[in-house]
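Structure data (compact mmCIF, C-alpha atoms) from structure_5.txt:
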```
# COMPACT_ATOMS: atom_id res chain seq x y z
CA MET X 1 1.12 12.92 27.93
CA PRO X 2 -1.10 14.16 25.08
CA ALA X 3 0.75 15.34 21.98
CA PRO X 4 0.71 19.04 21.02
CA VAL X 5 -1.64 19.52 18.08
CA HIS X 6 1.17 20.73 15.82
CA ASP X 7 2.99 17.43 16.44
CA LEU X 8 0.11 15.25 15.29
CA PRO X 9 1.49 12.80 12.75
CA LEU X 10 0.01 13.21 9.30
CA ARG X 11 -0.49 9.49 8.85
CA LEU X 12 -3.68 8.12 7.34
CA LEU X 13 -4.91 4.82 8.78
CA SER X 14 -8.19 4.37 6.90
CA PRO X 15 -8.95 0.89 5.53
CA GLU X 16 -7.76 0.33 1.97
CA ASN X 17 -7.39 -3.45 1.58
CA ARG X 18 -3.73 -3.39 2.58
CA LEU X 19 -1.78 -6.42 1.49
CA THR X 20 -0.72 -8.88 4.18
CA LYS X 21 3.08 -9.13 4.34
CA VAL X 22 3.54 -12.89 4.21
CA SER X 23 6.99 -14.37 3.54
CA VAL X 24 8.73 -12.59 0.67
CA TRP X 25 9.95 -15.92 -0.67
CA GLU X 26 6.48 -17.46 -0.58
CA ARG X 27 4.85 -14.51 -2.31
CA ALA X 28 7.55 -14.28 -4.97
CA ARG X 29 7.11 -17.95 -5.80
CA GLU X 30 3.31 -17.67 -5.95
CA CYS X 31 3.36 -14.50 -8.07
CA ALA X 32 5.85 -15.95 -10.55
CA ALA X 33 3.74 -19.09 -10.96
CA GLU X 34 0.53 -17.07 -11.41
CA MET X 35 2.11 -14.81 -14.04
CA ASP X 36 3.29 -17.88 -15.92
CA ARG X 37 -0.18 -19.44 -15.88
CA ALA X 38 -1.89 -16.17 -16.85
CA SER X 39 0.37 -15.55 -19.84
CA HIS X 40 -0.17 -19.11 -21.12
CA ARG X 41 -3.96 -18.81 -21.09
CA THR X 42 -5.95 -18.03 -24.23
CA PRO X 43 -7.12 -15.35 -24.12
CA PHE X 44 -4.42 -13.76 -21.98
CA ASP X 45 -5.67 -13.57 -18.38
CA ALA X 46 -5.09 -9.86 -17.71
CA ASP X 47 -6.74 -9.91 -14.29
CA ALA X 48 -4.57 -12.71 -12.92
CA PHE X 49 -1.40 -11.40 -14.57
CA CYS X 50 -1.84 -7.86 -13.25
CA ARG X 51 -2.69 -9.02 -9.74
CA ALA X 52 0.45 -11.16 -9.60
CA ALA X 53 2.67 -8.55 -11.30
CA ASN X 54 1.53 -5.77 -8.95
CA ARG X 55 2.22 -7.93 -5.91
CA GLY X 56 5.52 -9.07 -7.37
CA ALA X 57 6.68 -5.48 -7.86
CA LEU X 58 5.82 -4.76 -4.23
CA VAL X 59 7.79 -7.84 -3.15
CA LEU X 60 10.86 -6.54 -4.97
CA ALA X 61 10.52 -3.17 -3.25
CA MET X 62 10.01 -4.68 0.20
CA ALA X 63 13.12 -6.80 -0.38
CA GLY X 64 15.02 -3.54 -0.93
CA ASP X 65 15.44 -3.52 -4.73
CA PHE X 66 13.47 -0.41 -5.67
CA GLU X 67 15.11 -0.11 -9.08
CA GLU X 68 14.06 -3.61 -10.10
CA SER X 69 10.60 -2.95 -8.70
CA GLU X 70 10.24 0.04 -11.01
CA ARG X 71 11.49 -2.00 -13.96
CA SER X 72 8.88 -4.61 -13.05
CA CYS X 73 6.16 -1.94 -13.32
CA GLN X 74 7.49 -0.96 -16.74
CA ARG X 75 7.48 -4.58 -17.95
CA GLN X 76 3.87 -4.97 -16.86
CA ALA X 77 2.86 -1.83 -18.75
CA ARG X 78 4.65 -2.99 -21.91
CA VAL X 79 2.84 -6.33 -21.86
CA LEU X 80 -0.58 -4.72 -21.40
CA LEU X 81 -0.16 -1.95 -23.96
CA SER X 82 1.20 -4.39 -26.52
CA LEU X 83 -1.81 -6.69 -26.16
CA VAL X 84 -4.41 -3.90 -26.13
CA ARG X 85 -2.96 -2.08 -29.14
CA ARG X 86 -2.95 -5.26 -31.16
CA GLY X 87 -6.52 -6.11 -30.34
CA LEU X 88 -5.60 -9.13 -28.24
CA LEU X 89 -7.16 -7.53 -25.17
CA PRO X 90 -10.24 -5.27 -25.26
CA ARG X 91 -9.59 -1.53 -25.05
CA SER X 92 -11.42 -1.52 -21.71
CA GLU X 93 -8.33 -3.22 -20.25
CA THR X 94 -6.23 -0.08 -20.92
CA VAL X 95 -7.09 1.22 -17.46
CA ARG X 96 -4.90 -1.53 -16.01
CA VAL X 97 -1.82 0.30 -17.34
CA LEU X 98 -2.43 2.97 -14.72
CA GLN X 99 -1.84 0.59 -11.79
CA PRO X 100 1.92 0.07 -12.35
CA TRP X 101 2.24 3.84 -12.95
CA ILE X 102 0.54 4.44 -9.60
CA ASN X 103 2.74 1.83 -7.98
CA ILE X 104 5.87 3.70 -9.09
CA GLY X 105 4.43 6.76 -7.35
CA ARG X 106 3.94 4.72 -4.19
CA LEU X 107 7.58 3.65 -4.40
CA ARG X 108 8.57 7.32 -4.58
CA VAL X 109 6.53 8.04 -1.44
CA ILE X 110 8.15 5.14 0.44
CA ARG X 111 11.58 6.51 -0.46
CA GLY X 112 10.68 10.01 0.74
CA ASP X 113 10.18 11.66 -2.66
CA TRP X 114 6.54 12.62 -2.11
CA GLU X 115 6.81 15.55 -4.53
CA GLY X 116 8.08 13.30 -7.33
CA ALA X 117 5.24 10.90 -6.59
CA LEU X 118 2.41 13.33 -7.25
CA ALA X 119 2.60 13.06 -11.05
CA HIS X 120 1.81 9.36 -10.67
CA PHE X 121 -1.58 10.16 -9.13
CA PRO X 122 -3.13 12.38 -11.83
CA ALA X 123 -6.56 13.93 -11.49
CA PRO X 124 -9.07 13.15 -14.25
CA ASP X 125 -8.65 16.58 -15.83
CA SER X 126 -4.87 16.09 -16.15
CA LEU X 127 -4.64 12.42 -17.17
CA ARG X 128 -4.35 13.24 -20.89
CA ASP X 129 -1.30 15.44 -20.26
CA THR X 130 0.41 13.37 -17.56
CA GLY X 131 2.62 11.35 -19.92
CA VAL X 132 1.96 7.97 -18.30
CA PHE X 133 5.09 5.89 -18.99
CA ALA X 134 6.21 8.38 -21.64
CA GLY X 135 9.76 7.50 -22.71
CA ALA X 136 10.00 4.60 -20.25
CA LEU X 137 8.85 1.62 -22.31
CA GLY X 138 11.36 1.41 -25.15
CA PRO X 139 9.63 0.61 -28.48
CA GLU X 140 6.20 0.91 -26.87
CA HIS X 141 5.26 4.54 -26.28
CA GLY X 142 3.34 5.48 -23.16
CA LEU X 143 -0.35 6.04 -22.78
CA THR X 144 -1.60 8.31 -25.59
CA PRO X 145 -4.08 11.16 -25.02
CA ASP X 146 -6.72 9.20 -26.92
CA GLU X 147 -6.14 6.13 -24.73
CA ALA X 148 -6.35 8.31 -21.63
CA GLU X 149 -9.63 9.75 -22.90
CA GLY X 150 -10.92 6.21 -23.41
CA VAL X 151 -10.14 5.37 -19.80
CA LEU X 152 -12.05 8.42 -18.57
CA ASP X 153 -15.03 7.69 -20.84
CA SER X 154 -15.60 4.49 -18.88
CA GLU X 155 -17.56 5.02 -15.67
CA SER X 156 -15.38 2.56 -13.77
CA GLY X 157 -12.19 4.01 -15.30
CA GLY X 158 -13.13 7.56 -14.35
CA ALA X 159 -14.00 6.51 -10.81
CA PHE X 160 -10.70 4.65 -10.50
CA VAL X 161 -8.69 7.67 -11.61
CA THR X 162 -10.61 10.01 -9.29
CA ASN X 163 -10.41 7.78 -6.21
CA THR X 164 -6.74 7.02 -6.74
CA HIS X 165 -5.88 10.69 -7.20
CA VAL X 166 -7.76 11.69 -4.05
CA VAL X 167 -6.44 8.93 -1.78
CA GLU X 168 -2.84 8.57 -2.97
CA THR X 169 -2.26 12.32 -3.21
CA ALA X 170 -3.58 12.74 0.33
CA LYS X 171 -1.26 10.00 1.59
CA ALA X 172 1.73 11.52 -0.22
CA LEU X 173 1.05 14.99 1.19
CA ALA X 174 0.64 13.48 4.64
CA ARG X 175 3.94 11.65 4.29
CA GLY X 176 5.54 14.96 3.34
CA ARG X 177 3.92 16.61 6.39
CA ARG X 178 2.42 19.30 4.16
CA ALA X 179 -0.70 20.11 6.14
CA ASP X 180 -1.27 23.22 4.02
CA LEU X 181 -1.36 21.30 0.74
CA LEU X 182 -3.37 18.49 2.31
CA ALA X 183 -5.98 21.01 3.48
CA ALA X 184 -6.29 22.48 -0.02
CA HIS X 185 -6.54 18.99 -1.53
CA VAL X 186 -9.25 17.88 0.89
CA SER X 187 -11.17 21.12 0.38
CA ARG X 188 -11.18 20.58 -3.40
CA TRP X 189 -12.43 17.00 -3.22
CA ARG X 190 -14.58 16.96 -0.07
CA GLY X 191 -17.79 17.26 -2.09
CA THR X 192 -16.95 14.82 -4.88
CA ALA X 193 -15.20 12.16 -2.80
CA ARG X 194 -16.70 12.71 0.64
CA THR X 195 -17.59 9.01 0.98
CA LEU X 196 -13.93 7.98 0.88
CA PRO X 197 -12.77 7.20 4.43
CA HIS X 198 -9.39 8.84 3.73
CA VAL X 199 -11.13 12.16 3.04
CA ARG X 200 -13.10 11.98 6.29
CA GLU X 201 -9.98 11.01 8.23
CA ALA X 202 -7.84 13.76 6.68
CA SER X 203 -10.56 16.32 7.42
CA ALA X 204 -10.68 15.20 11.06
CA LEU X 205 -6.90 15.22 11.38
CA LEU X 206 -6.66 18.72 9.95
CA ALA X 207 -9.42 19.90 12.29
CA LEU X 208 -7.50 18.51 15.26
CA ARG X 209 -4.33 20.25 14.13
CA GLY X 210 -6.35 23.46 13.98
CA GLY X 211 -7.32 23.06 17.64
CA ALA X 212 -10.86 21.79 17.10
CA LYS X 213 -12.44 19.12 19.30
CA LEU X 214 -14.14 16.25 17.58
CA PRO X 215 -17.53 14.97 18.79
CA ALA X 216 -17.17 12.21 21.35
CA VAL X 217 -18.04 8.67 20.35
CA ALA X 218 -21.56 7.92 21.58
CA PRO X 219 -21.85 5.05 24.10
CA GLY X 220 -22.86 1.81 22.44
CA THR X 221 -21.56 2.86 19.04
CA VAL X 222 -20.29 -0.13 17.06
CA PRO X 223 -16.73 0.77 16.06
CA THR X 224 -15.52 0.63 12.48
CA LEU X 225 -11.94 0.74 11.26
CA GLY X 226 -12.48 4.15 9.67
CA ALA X 227 -14.04 5.69 12.78
CA THR X 228 -11.41 4.16 15.05
CA ALA X 229 -8.65 5.56 12.85
CA ILE X 230 -10.05 9.02 13.58
CA GLU X 231 -10.35 8.20 17.29
CA VAL X 232 -6.66 7.25 17.33
CA HIS X 233 -5.77 10.78 16.20
CA ALA X 234 -8.23 12.42 18.59
CA SER X 235 -7.00 10.41 21.59
CA LEU X 236 -3.42 11.39 20.87
CA VAL X 237 -4.22 15.01 21.79
CA ASP X 238 -7.06 14.40 24.27
CA ALA X 239 -6.30 11.78 26.92
CA SER X 240 -9.90 11.84 28.13
CA ARG X 241 -10.83 9.87 24.99
CA THR X 242 -8.35 7.07 25.62
CA ASP X 243 -10.80 4.77 27.41
CA SER X 244 -13.19 5.10 24.48
CA LEU X 245 -10.36 4.30 22.09
CA LEU X 246 -9.40 1.25 24.12
CA ARG X 247 -12.96 -0.09 24.01
CA SER X 248 -12.99 0.30 20.25
CA LEU X 249 -9.65 -1.47 19.90
CA ASP X 250 -10.81 -4.34 22.09
CA THR X 251 -13.98 -4.77 20.03
CA LEU X 252 -12.20 -4.54 16.69
CA SER X 253 -9.53 -7.03 17.73
CA GLU X 254 -12.17 -9.78 17.89
CA ARG X 255 -13.22 -9.28 14.28
CA ALA X 256 -11.94 -11.04 11.19
CA PRO X 257 -8.18 -10.45 10.86
CA SER X 258 -6.89 -8.13 8.15
CA ALA X 259 -3.84 -6.00 7.42
CA ASP X 260 -6.04 -2.89 7.80
CA LEU X 261 -6.96 -4.05 11.32
CA VAL X 262 -3.29 -4.49 12.18
CA ALA X 263 -2.52 -0.91 11.08
CA VAL X 264 -5.21 0.55 13.37
CA LEU X 265 -4.34 -1.69 16.34
CA ARG X 266 -0.66 -0.80 16.12
CA ALA X 267 -1.40 2.92 15.90
CA GLY X 268 -3.80 2.65 18.84
CA ALA X 269 -1.19 0.82 20.88
CA GLY X 270 1.19 3.68 20.14
CA VAL X 271 -1.27 6.17 21.60
CA LEU X 272 -1.63 4.05 24.75
CA ARG X 273 2.13 3.86 25.14
CA SER X 274 2.53 7.62 24.67
CA GLN X 275 0.11 8.14 27.57
CA ASP X 276 1.90 5.66 29.85
CA ARG X 277 -0.90 3.09 29.63
CA VAL X 278 1.77 0.40 29.50
CA ASP X 279 -0.36 -2.59 30.54
CA ASP X 280 -3.13 -1.66 28.11
CA CYS X 281 -0.59 -1.11 25.36
CA ALA X 282 0.99 -4.52 25.97
CA ARG X 283 -2.42 -6.19 25.92
CA VAL X 284 -3.33 -4.61 22.58
CA LEU X 285 0.06 -5.55 21.16
CA ARG X 286 -0.36 -9.17 22.26
CA ARG X 287 -3.71 -9.32 20.51
CA THR X 288 -2.17 -7.65 17.45
CA ALA X 289 0.55 -10.29 17.40
CA ASP X 290 -2.13 -12.98 17.44
CA VAL X 291 -3.84 -11.32 14.46
CA CYS X 292 -0.51 -11.21 12.62
CA ARG X 293 0.02 -14.91 13.27
CA GLU X 294 -3.45 -15.70 11.93
CA LEU X 295 -2.62 -13.71 8.79
CA ARG X 296 0.91 -15.15 8.59
CA ASP X 297 2.04 -11.51 8.33
CA GLU X 298 5.76 -11.89 8.88
CA ALA X 299 6.79 -8.24 8.67
CA GLU X 300 4.10 -6.83 10.95
CA LEU X 301 4.55 -9.67 13.45
CA PHE X 302 8.25 -8.83 13.68
CA ALA X 303 7.48 -5.14 14.29
CA VAL X 304 4.81 -5.88 16.91
CA LEU X 305 7.03 -8.36 18.76
CA ARG X 306 9.85 -5.81 18.87
CA GLU X 307 7.49 -3.25 20.42
CA LEU X 308 6.14 -5.79 22.90
CA GLY X 309 9.63 -6.92 23.83
CA GLY X 310 10.56 -3.34 24.66
CA LEU X 311 7.59 -3.07 27.03
CA ASP X 312 7.95 -6.50 28.60
CA PRO X 313 11.47 -7.94 28.29
CA ALA X 314 10.43 -11.08 30.18
CA SER X 315 7.73 -11.93 27.63
CA GLY X 316 10.11 -13.59 25.19
CA ALA X 317 8.74 -11.39 22.40
CA ALA X 318 12.16 -10.01 21.45
CA GLN X 319 13.52 -13.53 21.06
CA GLU X 320 10.53 -14.54 18.95
CA ALA X 321 11.09 -11.48 16.77
CA LEU X 322 14.64 -12.63 16.03
CA ALA X 323 13.33 -16.07 15.11
CA VAL X 324 10.82 -14.49 12.71
CA ALA X 325 13.65 -12.48 11.13
CA ALA X 326 16.00 -15.45 10.71
CA ASP X 327 15.38 -15.88 6.96
CA SER X 328 13.23 -12.85 6.23
CA GLY X 329 13.28 -11.24 2.82
CA TYR X 330 11.98 -7.89 4.11
CA ALA X 331 14.71 -5.26 3.97
CA PHE X 332 13.59 -3.38 7.07
CA VAL X 333 13.28 -6.60 9.09
CA ARG X 334 16.78 -7.70 8.11
CA ALA X 335 18.21 -4.28 8.96
CA GLN X 336 16.58 -4.13 12.40
CA ALA X 337 17.62 -7.72 13.15
CA GLY X 338 21.22 -7.02 12.20
CA GLU X 339 21.12 -9.21 9.08
CA PRO X 340 23.02 -8.15 5.92
CA PRO X 341 20.99 -6.72 3.04
CA LEU X 342 19.97 -9.00 0.20
CA PRO X 343 21.81 -8.81 -3.13
CA PRO X 344 19.99 -7.26 -6.10
CA ALA X 345 16.97 -9.31 -7.07
CA GLU X 346 18.55 -10.62 -10.26
CA HIS X 347 21.26 -12.27 -8.13
CA GLU X 348 18.88 -13.74 -5.53
CA PRO X 349 17.29 -16.86 -7.11
CA ARG X 350 14.20 -16.68 -4.90
CA LEU X 351 13.45 -13.20 -6.27
CA ALA X 352 14.83 -13.68 -9.78
CA VAL X 353 11.88 -15.97 -10.55
CA LEU X 354 9.70 -12.84 -10.68
CA ILE X 355 11.93 -11.19 -13.28
CA ALA X 356 12.05 -14.39 -15.32
CA ALA X 357 8.26 -14.75 -15.29
CA GLU X 358 7.72 -11.16 -16.45
CA LEU X 359 10.33 -11.42 -19.20
CA GLU X 360 8.77 -14.66 -20.38
CA ALA X 361 5.32 -13.03 -20.49
CA GLU X 362 6.78 -10.10 -22.41
CA SER X 363 8.46 -12.49 -24.82
CA ARG X 364 5.18 -14.29 -25.46
CA THR X 365 3.33 -11.06 -26.21
CA THR X 366 6.14 -10.08 -28.58
CA LEU X 367 5.79 -13.35 -30.44
CA VAL X 368 2.01 -12.94 -30.62
CA ARG X 369 2.14 -9.42 -32.01
CA ARG X 370 4.43 -10.53 -34.84
CA THR X 371 1.91 -13.12 -36.01
CA PRO X 372 0.25 -11.93 -39.25
```
If you took the structure in this file and wrote it as structure tokens, what would it be?
Amino acid sequence: MPAPVHDLPLRLLSPENRLTKVSVWERARECAAEMDRASHRTPFDADAFCRAANRGALVLAMAGDFEESERSCQRQARVLLSLVRRGLLPRSETVRVLQPWINIGRLRVIRGDWEGALAHFPAPDSLRDTGVFAGALGPEHGLTPDEAEGVLDSESGGAFVTNTHVVETAKALARGRRADLLAAHVSRWRGTARTLPHVREASALLALRGGAKLPAVAPGTVPTLGATAIEVHASLVDASRTDSLLRSLDTLSERAPSADLVAVLRAGAGVLRSQDRVDDCARVLRRTADVCRELRDEAELFAVLRELGGLDPASGAAQEALAVAADSGYAFVRAQAGEPPLPPAEHEPRLAVLIAAELEAESRTTLVRRTP
């Protein structure tokens, strides 16, 4: 049965280069090794270090240690600010300090504190006064107003701040189910950031909640992930669109696998299930499971198999899900599979390698800055 418009979930599905959730242990090992290599290079390889540190912090959070994940973000910021302020990295690299600050905001959203997260997604006109990492980095003070101004003076830095503010704030407000604040946010940025798929999707979702009908998808239209995300929402309240949605899902499922594709396929399968299209739902879930296997996405494969097992107990999907979960490092997988939680990261050797790699990188930058 179609959902009442006021029950539409405020969940944004637009593509955003989501990270594939491969084995926690594999990613922790890879990130630790990459941070070690990056911090040994001359000059310091900021791109490689930040990529590995950002992913490592996410690994810690997904393993259930949110406190260590936040400390990881702080360590990354200390390393970067130390190197930039001592002229060992160009000032243009200062913008990278914003990513761990943003990541802490994302952690807040995951934990349900969407209001506390908003300060981590500052708009350009408030970046100078945000206090990025103020009081959180020990001897290194947070981003100064002059450094913030330098970020905004760069075309790429200004665009990064704007796009992050628009997208992450929208996602946080959606998570908090604050349709009123989301509407005001979208209205403010619709002109400036109208090309962002999240803005188009949020506008469509708000229109649906207001009782509007969206234009039907024209026959022969080649589906995109962004357009199909909107069709997922529209089909949830208008069952006459479900066949169109299913065609889009079938077409998309044959494209190159990605974590963004998995998000849309799973949401589409949920619409099919809510409308008692059980066979179609199971078919989409089976294809989604195949995509997850191609990506080696352990966490999403577990979730998809659990859903498929509930629809078709004879499929063996539930048993496969338990096999996937047998040595998983994902906290939610372990909880749903009845496994005990992991100890804090510092006491789990397979995660402690991340902490050791960051501390070693921080130690090296400390030694460098003391050199006359």
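Between Pro257 (chain X) and the candidates X:Leu295, X:Ala117, X:Ala239, X:Ala77, the tightest atom-to-atom separation, counting only C-alpha atoms, involves X:Leu295.
In this comparison, which uses only C-alpha atoms, the residue of X:Thr192, X:Thr162, X:Ser14, X:Asn103 approaching Leu265 (chain X) most closely is X:Ser14.
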> Could you name the residues that touch region 157-159 of chain X at 8 Å or less, counting only C-alpha atoms, but leaving out those on the same chain fewer than 6 positions away, as a list of chain:residue names?
Replying inline: X:Val95, X:Pro124, X:Val151
Same residues, C-alpha atoms, output as a JSON list (two decimals), in the frame of the given file:
```json
[["chain", "number", "residue", "atom", "x", "y", "z"],
["X", 95, "VAL", "CA", -7.09, 1.22, -17.46],
["X", 124, "PRO", "CA", -9.07, 13.15, -14.25],
["X", 151, "VAL", "CA", -10.14, 5.37, -19.80]]
```
>> Considering all atoms listed in the file, can you say which of X:Cys73, X:Ala46, X:Leu173, X:Val24 comes closest to Leu359 (chain X)?
In response: X:Cys73
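Nearest to Ala38 (chain X) of all the residues X:Glu362, X:Glu115, X:Glu298, X:Asp153 is X:Glu362, based on only C-alpha atoms.
Pairwise distance (CA of Ala227 (chain X), CA of Arg11 (chain X)) equals 14.6 Å.
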> Separation of CA of Arg287 (chain X) and CA of Pro219 (chain X), in Å?
Replying inline: 23.4 Å
> So, counting all atoms listed in the file, which residue among X:Ala299, X:Leu236, X:Ala136, X:Val199 is closest to Ser274 (chain X)?
Replying inline: X:Leu236
> Can you tell me, as a ChimeraX atom specification, what residues are no more than 10 Å from Cys50 (chain X) when counting all atoms listed in the file, ignoring any on the same chain fewer than 4 positions away?
Replying inline: /X:31,34-35,38,45-46,54-56,73,76-77,79-80,96-97,99-100
>> Just checking: using all atoms listed in the file, which residue out of X:Gly220, X:Glu70, X:Arg293, X:Ala32 ends up closest to Ala53 (chain X)?
In response: X:Ala32
> Near Arg200 (chain X), counting all atoms listed in the file, which residues have an atom at most 9 Å away, once you skip same-chain residues fewer than 6 positions from it, shown as number ranges by chain?
Replying inline: X: 186, 190, 194, 226, 230
